[in-house]
Amino acid sequence: MAIPKKPAARKRSRAPRVPEKFTLRLYVAGQTAKSIRAFANLKVLCDEHLHGRYQIEVIDLLEHPEQARGAQIVAIPTLVIKLPRAVRKIIGDLSDTDRVLVGLALQELG
Amino acid sequence: MRKQKNARRSFAQLPKALTGITGLDEITNGGLPRGRPTLVSGSAGAGKTLFGLEFLVRGANEFGEPGVFMSFEETIPDLVKNAGSLGFDLNRLVAEKKLFMDHVHILRSEIAETGEYDLDGLFIRIADAVERVGAKRIVLDTLETLFGELPNPGILRAEIRRLFAWLKEKGLTTVVTAERDRPDTLTRHGIEEFVSDCVIVLDHRIREEISTRRLRIVKYRGSTHGTNEYPFLIDETGLSVLPISSLGLDHPAPGVRISTGIDRLDGMMGGKGFFRGSSILMSGTAGTGKTSVAAHFVDAACRRGERCLYFAFEESPKQIVRNLRSIGIDLEPWVRKGLLRFHAARPTYAGIEEVLLVTHKHIASFRPSIVIVDPMTNLLQVSTLNEVRSMLTRLVDFLKTQEITAIFTSLTLAGGSLEANEADVSSLMDTWLLLKTIEVGGERNRALYVLKSRGMEHSNQIREFVLTNDGLHLLDVYLGPEGVLTGSARVTQESREKAAGVSRRQQLDGRGRELERKREIFEARMTMLRAEFEVEEELIQQSISESKRLDAEVLQERGRMIQSRDADASAYKKNGHAAVRGR
């Protein structure tokens, strides 16, 4: 897999590999304040860090309850990211930007 | 039948949902609180998951209440496999839409918390599952796992509180399991505060290398319940809780008597033997012949065509059969005919509860009229006296309701008081035969007596018995200055009595002969006297007839003299003498 030059140049030497395109799935349960906030936070974050290399899919579990089982969703909101190595779940309203970036493997802890 | 009984019992109390778990519905007076959560707490391996599974399976199968199983630990294939070991086919129930299972799998390492969250995802899964099967029951096993996998316990607690409120609102009878890591707490994270209606603690103890399971109802709001610790078992038919007093004391008391198989022992008990359906304790030290007495009873019962179940806790069936041949009892034909069944096992292989349950099961499947437990004291090896006592109480109650006559043999430790050890169970028993060895004159001899026998006349004698190759024989009683004579002392006494008898007989014979002799003497004298008399009589008769003849001759002579006047007197005299001499 070819690593894009731009992020590699920008990152420090130990920077994790970043996929070309992120598939992000945000699971919500109805239009709650938390869900709306989570979506807004995610949008801002992605625009800033991923520069269009992402795709957000919002799934309302009230309409598709069976998907909660399939994706093993317990907490709401949950952001599911498919990374090259593992599936990661980020729960909460995504207000802690640093932790979201770690979760997205765009930034290391600390 | 049990269902109806329990339903009747739960009068006017808060509504309850029967679990169908053997014994549990009796302790709880009708099941778990309907539409409310029950906390089932216990250490690892205590049987919480199986409790939950059985609650759902029985609910679906027996009470028409579909259920949902939310597993937070085990995967669904694992659950299906585990339930299979209890004889529950979860896949079938799922296919019939009576059960829905969901495995909630979260890994802390996969999760990053980035702000406020709630458990709506879980709620939606539960709500969807409940809706799919129209569930009335739900099991959350083990909800507290969430605390380990999700950050922010504050949020979790609030969400769990909300979950229980929601479950109650939905009217779901809920079982929440929780792991208990310390004996002074019920749950790791204190979720019992949300489940205030009913709390059941399962315990799995290892004592002296033998496991025993216990169930206790810690709390049951608005309902009476048994407060003891109840032993329970998990086996191929699920959980069985064994309430001590479930059967009560309303068993029948038949007046029919059955032979003990030993004539003279029957004789000691009013000539008729044991009461049918009674429980007999037979205690004695090692080698007093307990098994032999029991074998006679078994043999007699089989001859009558009755079925016997023999629990051998010490010897193997083959050994018992072989050993009994030496006293002329062959049990093998009865085994072959299916009248006698042995169940041999060392109780140490299982806990006391398992022994009790296995006993119940064998009795239920074989339906014997006679049960032998030989020896019941082996049970003490696996448990405390208290537990054995409670187990035996239940067993005796059970046997009595089934009108099964039971002999419990009990090994008394040498040197201990014969009556003390069994005093704990003897009050349960109707008849108590005590076998003992009497040690006197350098030998031990066997003796037995009827220490008690309720409701019948019985002998108060200590009777010696011997084991011969023709069976057990009770011997006649010989009382000596120090009590019953046994063994050689008895033999001595017997021969002494025999000797005395002989001499008496000799004396008698002697007297008889003397009498005979006297009679002979008397008769001889009689003969002699008669002979003398006859001689005298003859003489007298002779003289009488002589006189008569002389008289006649005198008359004739006188007549002739008258005729011949001139005849001389000397001629007359000559003729007279000559006539006498000529006779």
# chains A, B, ... in the order shown; residues from 1 in each chain; ligands from 1

$ closest_atom_pairs --of "chain B" --to "chain A" --cutoff "9 Å" --atoms "only C-alpha atoms" --output "JSON lines"
{"residue": "B:Asp102", "atom": "CA", "partner": "A:Arg69", "partner_atom": "CA", "distance": 7.5}
{"residue": "B:His103", "atom": "CA", "partner": "A:Arg69", "partner_atom": "CA", "distance": 8.1}
{"residue": "B:Val104", "atom": "CA", "partner": "A:Gln72", "partner_atom": "CA", "distance": 6.4}
{"residue": "B:His105", "atom": "CA", "partner": "A:Gln72", "partner_atom": "CA", "distance": 6.1}
{"residue": "B:Ile106", "atom": "CA", "partner": "A:Gln72", "partner_atom": "CA", "distance": 7.0}
{"residue": "B:Ser109", "atom": "CA", "partner": "A:Arg88", "partner_atom": "CA", "distance": 8.6}
{"residue": "B:Glu110", "atom": "CA", "partner": "A:Arg88", "partner_atom": "CA", "distance": 5.0}
{"residue": "B:Ile111", "atom": "CA", "partner": "A:Lys89", "partner_atom": "CA", "distance": 4.9}
{"residue": "B:Ala112", "atom": "CA", "partner": "A:Ile90", "partner_atom": "CA", "distance": 4.7}
{"residue": "B:Glu113", "atom": "CA", "partner": "A:Ile91", "partner_atom": "CA", "distance": 4.9}
{"residue": "B:Thr114", "atom": "CA", "partner": "A:Leu94", "partner_atom": "CA", "distance": 4.8}
{"residue": "B:Gly115", "atom": "CA", "partner": "A:Gly92", "partner_atom": "CA", "distance": 4.3}
{"residue": "B:Glu116", "atom": "CA", "partner": "A:Gly92", "partner_atom": "CA", "distance": 4.7}
{"residue": "B:Tyr117", "atom": "CA", "partner": "A:Gly92", "partner_atom": "CA", "distance": 4.3}
{"residue": "B:Asp118", "atom": "CA", "partner": "A:Ile76", "partner_atom": "CA", "distance": 5.3}
{"residue": "B:Leu119", "atom": "CA", "partner": "A:Ala75", "partner_atom": "CA", "distance": 4.4}
{"residue": "B:Asp120", "atom": "CA", "partner": "A:Ile76", "partner_atom": "CA", "distance": 5.6}
{"residue": "B:Gly121", "atom": "CA", "partner": "A:Val74", "partner_atom": "CA", "distance": 4.3}
{"residue": "B:Leu122", "atom": "CA", "partner": "A:Val74", "partner_atom": "CA", "distance": 4.4}
{"residue": "B:Phe123", "atom": "CA", "partner": "A:Val74", "partner_atom": "CA", "distance": 7.9}
{"residue": "B:Ile124", "atom": "CA", "partner": "A:Pro65", "partner_atom": "CA", "distance": 6.1}
{"residue": "B:Arg125", "atom": "CA", "partner": "A:Pro65", "partner_atom": "CA", "distance": 6.3}
{"residue": "B:Ala127", "atom": "CA", "partner": "A:Pro65", "partner_atom": "CA", "distance": 8.7}
{"residue": "B:Asp128", "atom": "CA", "partner": "A:Pro65", "partner_atom": "CA", "distance": 6.4}
{"residue": "B:Ala129", "atom": "CA", "partner": "A:Glu66", "partner_atom": "CA", "distance": 8.9}
{"residue": "B:Leu150", "atom": "CA", "partner": "A:Ala75", "partner_atom": "CA", "distance": 8.7}

$ residues_around --residues "Asp374 in chain B" --least-positions-apart "4" --cutoff "8 Å" --atoms "only C-alpha atoms" --output "tab-separated table (two decimals) with N, CA and C atoms, in the first residue's frame"
chain	number	residue	atom	x	y	z
B	291	THR	N	-25.01	-56.01	57.12
B	291	THR	CA	-25.33	-56.32	55.73
B	291	THR	C	-26.08	-57.64	55.63
B	310	TYR	N	-30.70	-51.18	46.29
B	310	TYR	CA	-29.64	-51.31	47.30
B	310	TYR	C	-28.56	-50.27	47.01
B	311	PHE	N	-28.46	-49.27	47.89
B	311	PHE	CA	-27.39	-48.29	47.73
B	311	PHE	C	-26.18	-48.77	48.52
B	312	ALA	N	-25.19	-49.17	47.79
B	312	ALA	CA	-23.99	-49.69	48.45
B	312	ALA	C	-22.93	-48.59	48.42
B	313	PHE	N	-22.67	-48.06	49.59
B	313	PHE	CA	-21.71	-46.97	49.66
B	313	PHE	C	-20.33	-47.45	50.08
B	314	GLU	N	-20.20	-48.75	50.25
B	314	GLU	CA	-18.93	-49.21	50.75
B	314	GLU	C	-18.37	-50.36	49.92
B	408	PHE	N	-31.52	-48.38	56.91
B	408	PHE	CA	-30.28	-47.61	56.90
B	408	PHE	C	-29.32	-48.32	57.84
B	409	THR	N	-28.24	-48.79	57.31
B	409	THR	CA	-27.28	-49.37	58.23
B	409	THR	C	-26.33	-48.26	58.67
B	410	SER	N	-25.84	-48.42	59.85
B	410	SER	CA	-25.00	-47.37	60.40
B	410	SER	C	-23.83	-48.01	61.13

$ atom_distance --atom1 "CA of Ile217 in chain B" --atom2 "CA of Leu39 in chain B"
10.0 Å

$ atom_distance --atom1 "CA of Phe69 in chain B" --atom2 "CA of Thr28 in chain B"
22.5 Å

$ atom_distance --atom1 "CA of Glu179 in chain B" --atom2 "CA of Leu50 in chain B"
13.7 Å

$ select_by_dssp --residues "range 93-311 of chain B" --states "strand (DSSP E)" --output "PyMOL selection string"
chain B and resi 99-103+111-113+137-141+173-179+198-207+210-220+229-235+238-241+257-258+274-275+279-284+308-311

$ write_last_selection --atoms "C-alpha atoms" --output "PDB file, in the first residue's frame"
ATOM      1  CA  LEU B  99     -35.975 -17.440  22.947  1.00  0.00           C
ATOM      2  CA  PHE B 100     -33.733 -14.725  21.684  1.00  0.00           C
ATOM      3  CA  MET B 101     -30.077 -14.599  22.524  1.00  0.00           C
ATOM      4  CA  ASP B 102     -27.735 -11.706  22.071  1.00  0.00           C
ATOM      5  CA  HIS B 103     -24.087 -11.623  22.903  1.00  0.00           C
ATOM      6  CA  ILE B 111     -12.912   1.632  22.694  1.00  0.00           C
ATOM      7  CA  ALA B 112     -11.989   5.225  23.191  1.00  0.00           C
ATOM      8  CA  GLU B 113     -14.256   7.521  25.109  1.00  0.00           C
ATOM      9  CA  ARG B 137     -38.583 -12.800  30.826  1.00  0.00           C
ATOM     10  CA  ILE B 138     -35.099 -11.542  30.389  1.00  0.00           C
ATOM     11  CA  VAL B 139     -31.715 -12.482  31.746  1.00  0.00           C
ATOM     12  CA  LEU B 140     -28.793 -10.082  31.849  1.00  0.00           C
ATOM     13  CA  ASP B 141     -25.664 -12.151  32.334  1.00  0.00           C
ATOM     14  CA  THR B 173     -39.420 -10.533  34.868  1.00  0.00           C
ATOM     15  CA  THR B 174     -35.686 -10.021  34.954  1.00  0.00           C
ATOM     16  CA  VAL B 175     -32.780 -12.016  36.268  1.00  0.00           C
ATOM     17  CA  VAL B 176     -29.577 -10.027  36.589  1.00  0.00           C
ATOM     18  CA  THR B 177     -26.521 -11.992  37.445  1.00  0.00           C
ATOM     19  CA  ALA B 178     -23.576 -10.498  39.223  1.00  0.00           C
ATOM     20  CA  GLU B 179     -20.250 -11.757  40.277  1.00  0.00           C
ATOM     21  CA  CYS B 198     -35.286 -10.053  45.271  1.00  0.00           C
ATOM     22  CA  VAL B 199     -31.725 -11.120  45.820  1.00  0.00           C
ATOM     23  CA  ILE B 200     -30.574 -14.725  45.545  1.00  0.00           C
ATOM     24  CA  VAL B 201     -27.043 -15.753  46.379  1.00  0.00           C
ATOM     25  CA  LEU B 202     -25.490 -18.843  44.870  1.00  0.00           C
ATOM     26  CA  ASP B 203     -22.492 -20.266  46.561  1.00  0.00           C
ATOM     27  CA  HIS B 204     -20.047 -22.886  45.533  1.00  0.00           C
ATOM     28  CA  ARG B 205     -17.921 -24.095  48.368  1.00  0.00           C
ATOM     29  CA  ILE B 206     -15.188 -26.602  48.493  1.00  0.00           C
ATOM     30  CA  ARG B 207     -14.978 -28.224  51.837  1.00  0.00           C
ATOM     31  CA  ILE B 210     -15.762 -31.881  47.998  1.00  0.00           C
ATOM     32  CA  SER B 211     -17.830 -29.243  46.369  1.00  0.00           C
ATOM     33  CA  THR B 212     -21.191 -28.256  47.649  1.00  0.00           C
ATOM     34  CA  ARG B 213     -23.499 -25.735  46.104  1.00  0.00           C
ATOM     35  CA  ARG B 214     -25.770 -23.565  48.173  1.00  0.00           C
ATOM     36  CA  LEU B 215     -28.590 -21.226  47.377  1.00  0.00           C
ATOM     37  CA  ARG B 216     -29.932 -18.602  49.695  1.00  0.00           C
ATOM     38  CA  ILE B 217     -32.591 -15.985  49.306  1.00  0.00           C
ATOM     39  CA  VAL B 218     -31.085 -12.938  50.908  1.00  0.00           C
ATOM     40  CA  LYS B 219     -34.029 -10.732  50.321  1.00  0.00           C
ATOM     41  CA  TYR B 220     -37.488 -10.954  48.873  1.00  0.00           C
ATOM     42  CA  GLU B 229     -29.138 -22.029  52.823  1.00  0.00           C
ATOM     43  CA  TYR B 230     -30.436 -24.692  50.520  1.00  0.00           C
ATOM     44  CA  PRO B 231     -28.167 -27.133  48.807  1.00  0.00           C
ATOM     45  CA  PHE B 232     -28.623 -27.344  45.098  1.00  0.00           C
ATOM     46  CA  LEU B 233     -27.299 -29.407  42.284  1.00  0.00           C
ATOM     47  CA  ILE B 234     -26.544 -28.953  38.667  1.00  0.00           C
ATOM     48  CA  ASP B 235     -26.839 -32.067  36.599  1.00  0.00           C
ATOM     49  CA  GLY B 238     -30.774 -28.653  35.251  1.00  0.00           C
ATOM     50  CA  LEU B 239     -30.768 -27.131  38.670  1.00  0.00           C
ATOM     51  CA  SER B 240     -32.420 -28.783  41.625  1.00  0.00           C
ATOM     52  CA  VAL B 241     -32.766 -26.967  44.871  1.00  0.00           C
ATOM     53  CA  ARG B 257     -46.421 -55.624  58.170  1.00  0.00           C
ATOM     54  CA  ILE B 258     -43.684 -57.304  56.193  1.00  0.00           C
ATOM     55  CA  PHE B 274     -41.543 -54.333  60.101  1.00  0.00           C
ATOM     56  CA  PHE B 275     -44.297 -51.935  59.134  1.00  0.00           C
ATOM     57  CA  SER B 279     -37.629 -46.539  58.218  1.00  0.00           C
ATOM     58  CA  ILE B 280     -35.321 -48.880  60.007  1.00  0.00           C
ATOM     59  CA  LEU B 281     -32.013 -47.966  61.495  1.00  0.00           C
ATOM     60  CA  MET B 282     -29.607 -50.813  61.949  1.00  0.00           C
ATOM     61  CA  SER B 283     -26.523 -49.816  63.777  1.00  0.00           C
ATOM     62  CA  GLY B 284     -23.563 -51.728  64.985  1.00  0.00           C
ATOM     63  CA  CYS B 308     -35.424 -53.618  46.071  1.00  0.00           C
ATOM     64  CA  LEU B 309     -32.939 -50.869  45.531  1.00  0.00           C
ATOM     65  CA  TYR B 310     -29.637 -51.306  47.297  1.00  0.00           C
ATOM     66  CA  PHE B 311     -27.395 -48.286  47.735  1.00  0.00           C
TER      67      PHE B 311
END

$ residues_around --residues "Ile352 in chain B" --least-positions-apart "5" --cutoff "12 Å" --atoms "only C-alpha atoms" --output "CSV table (one decimal) with N, CA and C atoms, in the first residue's frame"
chain,number,residue,atom,x,y,z
B,207,ARG,N,-15.4,-27.9,50.5
B,207,ARG,CA,-15.0,-28.2,51.8
B,207,ARG,C,-14.4,-29.6,51.8
B,210,ILE,N,-14.5,-31.5,48.6
B,210,ILE,CA,-15.8,-31.9,48.0
B,210,ILE,C,-16.6,-30.6,47.8
B,211,SER,N,-17.1,-30.5,46.6
B,211,SER,CA,-17.8,-29.2,46.4
B,211,SER,C,-19.3,-29.4,46.8
B,212,THR,N,-19.8,-28.3,47.4
B,212,THR,CA,-21.2,-28.3,47.6
B,212,THR,C,-21.7,-26.9,47.2
B,213,ARG,N,-22.9,-27.0,46.6
B,213,ARG,CA,-23.5,-25.7,46.1
B,213,ARG,C,-24.6,-25.4,47.0
B,214,ARG,N,-24.7,-24.1,47.3
B,214,ARG,CA,-25.8,-23.6,48.2
B,214,ARG,C,-26.5,-22.4,47.5
B,231,PRO,N,-29.1,-26.5,49.8
B,231,PRO,CA,-28.2,-27.1,48.8
B,231,PRO,C,-28.8,-27.3,47.4
B,232,PHE,N,-28.1,-27.1,46.4
B,232,PHE,CA,-28.6,-27.3,45.1
B,232,PHE,C,-27.6,-28.0,44.2
B,233,LEU,N,-28.1,-28.6,43.2
B,233,LEU,CA,-27.3,-29.4,42.3
B,233,LEU,C,-27.5,-28.9,40.9
B,242,LEU,N,-32.9,-28.2,46.9
B,242,LEU,CA,-33.5,-29.3,47.8
B,242,LEU,C,-34.0,-28.6,49.1
B,346,ARG,N,-19.1,-44.5,45.8
B,346,ARG,CA,-18.6,-43.9,47.1
B,346,ARG,C,-19.1,-42.5,47.1
B,347,PRO,N,-19.7,-42.1,48.2
B,347,PRO,CA,-20.3,-40.7,48.2
B,347,PRO,C,-19.2,-39.7,48.1
B,357,LEU,N,-29.7,-36.4,45.5
B,357,LEU,CA,-30.4,-36.3,44.2
B,357,LEU,C,-30.4,-37.6,43.4
B,358,VAL,N,-29.2,-38.2,43.4
B,358,VAL,CA,-29.0,-39.5,42.7
B,358,VAL,C,-30.0,-40.5,43.3
B,359,THR,N,-30.0,-40.5,44.6
B,359,THR,CA,-30.9,-41.4,45.4
B,359,THR,C,-32.3,-41.2,44.9
B,376,MET,N,-25.1,-45.8,55.8
B,376,MET,CA,-25.4,-44.3,55.7
B,376,MET,C,-24.3,-43.5,56.3
B,377,THR,N,-23.6,-44.1,57.2
B,377,THR,CA,-22.5,-43.4,57.9
B,377,THR,C,-21.4,-43.0,56.9
B,378,ASN,N,-21.3,-43.6,55.8
B,378,ASN,CA,-20.3,-43.2,54.8
B,378,ASN,C,-20.6,-41.8,54.3
B,379,LEU,N,-21.8,-41.4,54.4
B,379,LEU,CA,-22.1,-40.1,54.0
B,379,LEU,C,-21.5,-39.0,54.9
B,380,LEU,N,-21.2,-39.4,56.1
B,380,LEU,CA,-20.5,-38.4,57.0
B,380,LEU,C,-19.1,-38.0,56.5
B,381,GLN,N,-18.6,-38.9,55.6
B,381,GLN,CA,-17.3,-38.6,55.1
B,381,GLN,C,-17.3,-37.4,54.2
B,382,VAL,N,-18.4,-37.2,53.6
B,382,VAL,CA,-18.5,-36.1,52.6
B,382,VAL,C,-19.1,-34.8,53.2
B,383,SER,N,-19.6,-34.9,54.3
B,383,SER,CA,-20.3,-33.7,54.8
B,383,SER,C,-20.3,-33.7,56.3
B,384,THR,N,-20.9,-32.6,56.8
B,384,THR,CA,-20.9,-32.5,58.3
B,384,THR,C,-22.2,-33.2,58.8
B,385,LEU,N,-22.2,-33.5,60.0
B,385,LEU,CA,-23.3,-34.2,60.6
B,385,LEU,C,-24.6,-33.5,60.3
B,386,ASN,N,-24.6,-32.2,60.4
B,386,ASN,CA,-25.8,-31.4,60.2
B,386,ASN,C,-26.4,-31.6,58.8
B,387,GLU,N,-25.5,-31.6,57.8
B,387,GLU,CA,-25.9,-31.7,56.5
B,387,GLU,C,-26.4,-33.1,56.2
B,388,VAL,N,-25.7,-34.1,56.8
B,388,VAL,CA,-26.2,-35.5,56.6
B,388,VAL,C,-27.5,-35.6,57.2
B,389,ARG,N,-27.7,-35.0,58.4
B,389,ARG,CA,-29.0,-35.2,59.1
B,389,ARG,C,-30.1,-34.6,58.3
B,390,SER,N,-29.8,-33.4,57.7
B,390,SER,CA,-30.9,-32.7,56.9
B,390,SER,C,-31.1,-33.5,55.6
B,391,MET,N,-30.1,-34.1,55.1
B,391,MET,CA,-30.2,-34.9,53.9
B,391,MET,C,-31.1,-36.2,54.2
B,392,LEU,N,-30.8,-36.8,55.3
B,392,LEU,CA,-31.5,-38.0,55.7
B,392,LEU,C,-32.9,-37.7,56.0
B,395,LEU,N,-34.6,-37.5,52.8
B,395,LEU,CA,-34.7,-38.8,52.2
B,395,LEU,C,-35.8,-39.6,52.9

$ residues_around --residues "range 457-470 of chain B" --least-positions-apart "4" --cutoff "8 Å" --atoms "only C-alpha atoms" --output "ChimeraX atom specification"
/B:268-270,325-329,445-453,474-477,484,486

$ select_by_dssp --residues "range 354-495 of chain B" --states "helix (DSSP H, G or I)" --output "PyMOL selection string"
chain B and resi 354-366+376-381+385-401+423-426+487-495

$ write_last_selection --atoms "C-alpha atoms" --output "PDB file, in the first residue's frame"
ATOM      1  CA  GLU B 354     -25.624 -35.098  44.599  1.00  0.00           C
ATOM      2  CA  VAL B 355     -25.921 -38.268  46.601  1.00  0.00           C
ATOM      3  CA  LEU B 356     -29.390 -37.234  47.689  1.00  0.00           C
ATOM      4  CA  LEU B 357     -30.419 -36.289  44.212  1.00  0.00           C
ATOM      5  CA  VAL B 358     -29.045 -39.456  42.682  1.00  0.00           C
ATOM      6  CA  THR B 359     -30.880 -41.393  45.370  1.00  0.00           C
ATOM      7  CA  HIS B 360     -34.113 -39.621  44.509  1.00  0.00           C
ATOM      8  CA  LYS B 361     -33.637 -40.223  40.836  1.00  0.00           C
ATOM      9  CA  HIS B 362     -32.943 -43.913  41.211  1.00  0.00           C
ATOM     10  CA  ILE B 363     -35.949 -44.317  43.447  1.00  0.00           C
ATOM     11  CA  ALA B 364     -38.113 -42.407  41.023  1.00  0.00           C
ATOM     12  CA  SER B 365     -37.008 -44.487  38.051  1.00  0.00           C
ATOM     13  CA  PHE B 366     -36.906 -47.939  39.693  1.00  0.00           C
ATOM     14  CA  MET B 376     -25.394 -44.336  55.656  1.00  0.00           C
ATOM     15  CA  THR B 377     -22.511 -43.382  57.899  1.00  0.00           C
ATOM     16  CA  ASN B 378     -20.292 -43.201  54.839  1.00  0.00           C
ATOM     17  CA  LEU B 379     -22.140 -40.051  53.997  1.00  0.00           C
ATOM     18  CA  LEU B 380     -20.521 -38.434  56.967  1.00  0.00           C
ATOM     19  CA  GLN B 381     -17.254 -38.570  55.107  1.00  0.00           C
ATOM     20  CA  LEU B 385     -23.311 -34.198  60.620  1.00  0.00           C
ATOM     21  CA  ASN B 386     -25.783 -31.383  60.196  1.00  0.00           C
ATOM     22  CA  GLU B 387     -25.906 -31.734  56.463  1.00  0.00           C
ATOM     23  CA  VAL B 388     -26.164 -35.469  56.590  1.00  0.00           C
ATOM     24  CA  ARG B 389     -28.958 -35.161  59.081  1.00  0.00           C
ATOM     25  CA  SER B 390     -30.851 -32.743  56.912  1.00  0.00           C
ATOM     26  CA  MET B 391     -30.250 -34.916  53.881  1.00  0.00           C
ATOM     27  CA  LEU B 392     -31.479 -37.996  55.677  1.00  0.00           C
ATOM     28  CA  THR B 393     -34.510 -36.145  56.968  1.00  0.00           C
ATOM     29  CA  ARG B 394     -35.426 -35.326  53.431  1.00  0.00           C
ATOM     30  CA  LEU B 395     -34.700 -38.801  52.215  1.00  0.00           C
ATOM     31  CA  VAL B 396     -36.738 -40.415  54.975  1.00  0.00           C
ATOM     32  CA  ASP B 397     -39.624 -38.044  54.330  1.00  0.00           C
ATOM     33  CA  PHE B 398     -39.449 -38.831  50.658  1.00  0.00           C
ATOM     34  CA  LEU B 399     -39.351 -42.571  51.233  1.00  0.00           C
ATOM     35  CA  LYS B 400     -42.290 -42.402  53.586  1.00  0.00           C
ATOM     36  CA  THR B 401     -44.446 -40.517  51.135  1.00  0.00           C
ATOM     37  CA  ALA B 423     -28.976 -40.267  68.215  1.00  0.00           C
ATOM     38  CA  ASP B 424     -29.050 -37.516  65.659  1.00  0.00           C
ATOM     39  CA  VAL B 425     -30.957 -39.530  63.143  1.00  0.00           C
ATOM     40  CA  SER B 426     -32.579 -42.132  65.329  1.00  0.00           C
ATOM     41  CA  GLY B 487     -20.753 -68.282  72.354  1.00  0.00           C
ATOM     42  CA  SER B 488     -18.902 -70.874  74.407  1.00  0.00           C
ATOM     43  CA  ALA B 489     -20.586 -69.749  77.567  1.00  0.00           C
ATOM     44  CA  ARG B 490     -23.863 -70.509  75.908  1.00  0.00           C
ATOM     45  CA  VAL B 491     -22.585 -73.799  74.572  1.00  0.00           C
ATOM     46  CA  THR B 492     -21.362 -74.708  78.064  1.00  0.00           C
ATOM     47  CA  GLN B 493     -24.692 -73.802  79.504  1.00  0.00           C
ATOM     48  CA  GLU B 494     -26.410 -75.765  76.806  1.00  0.00           C
ATOM     49  CA  SER B 495     -24.366 -78.885  77.524  1.00  0.00           C
TER      50      SER B 495
END
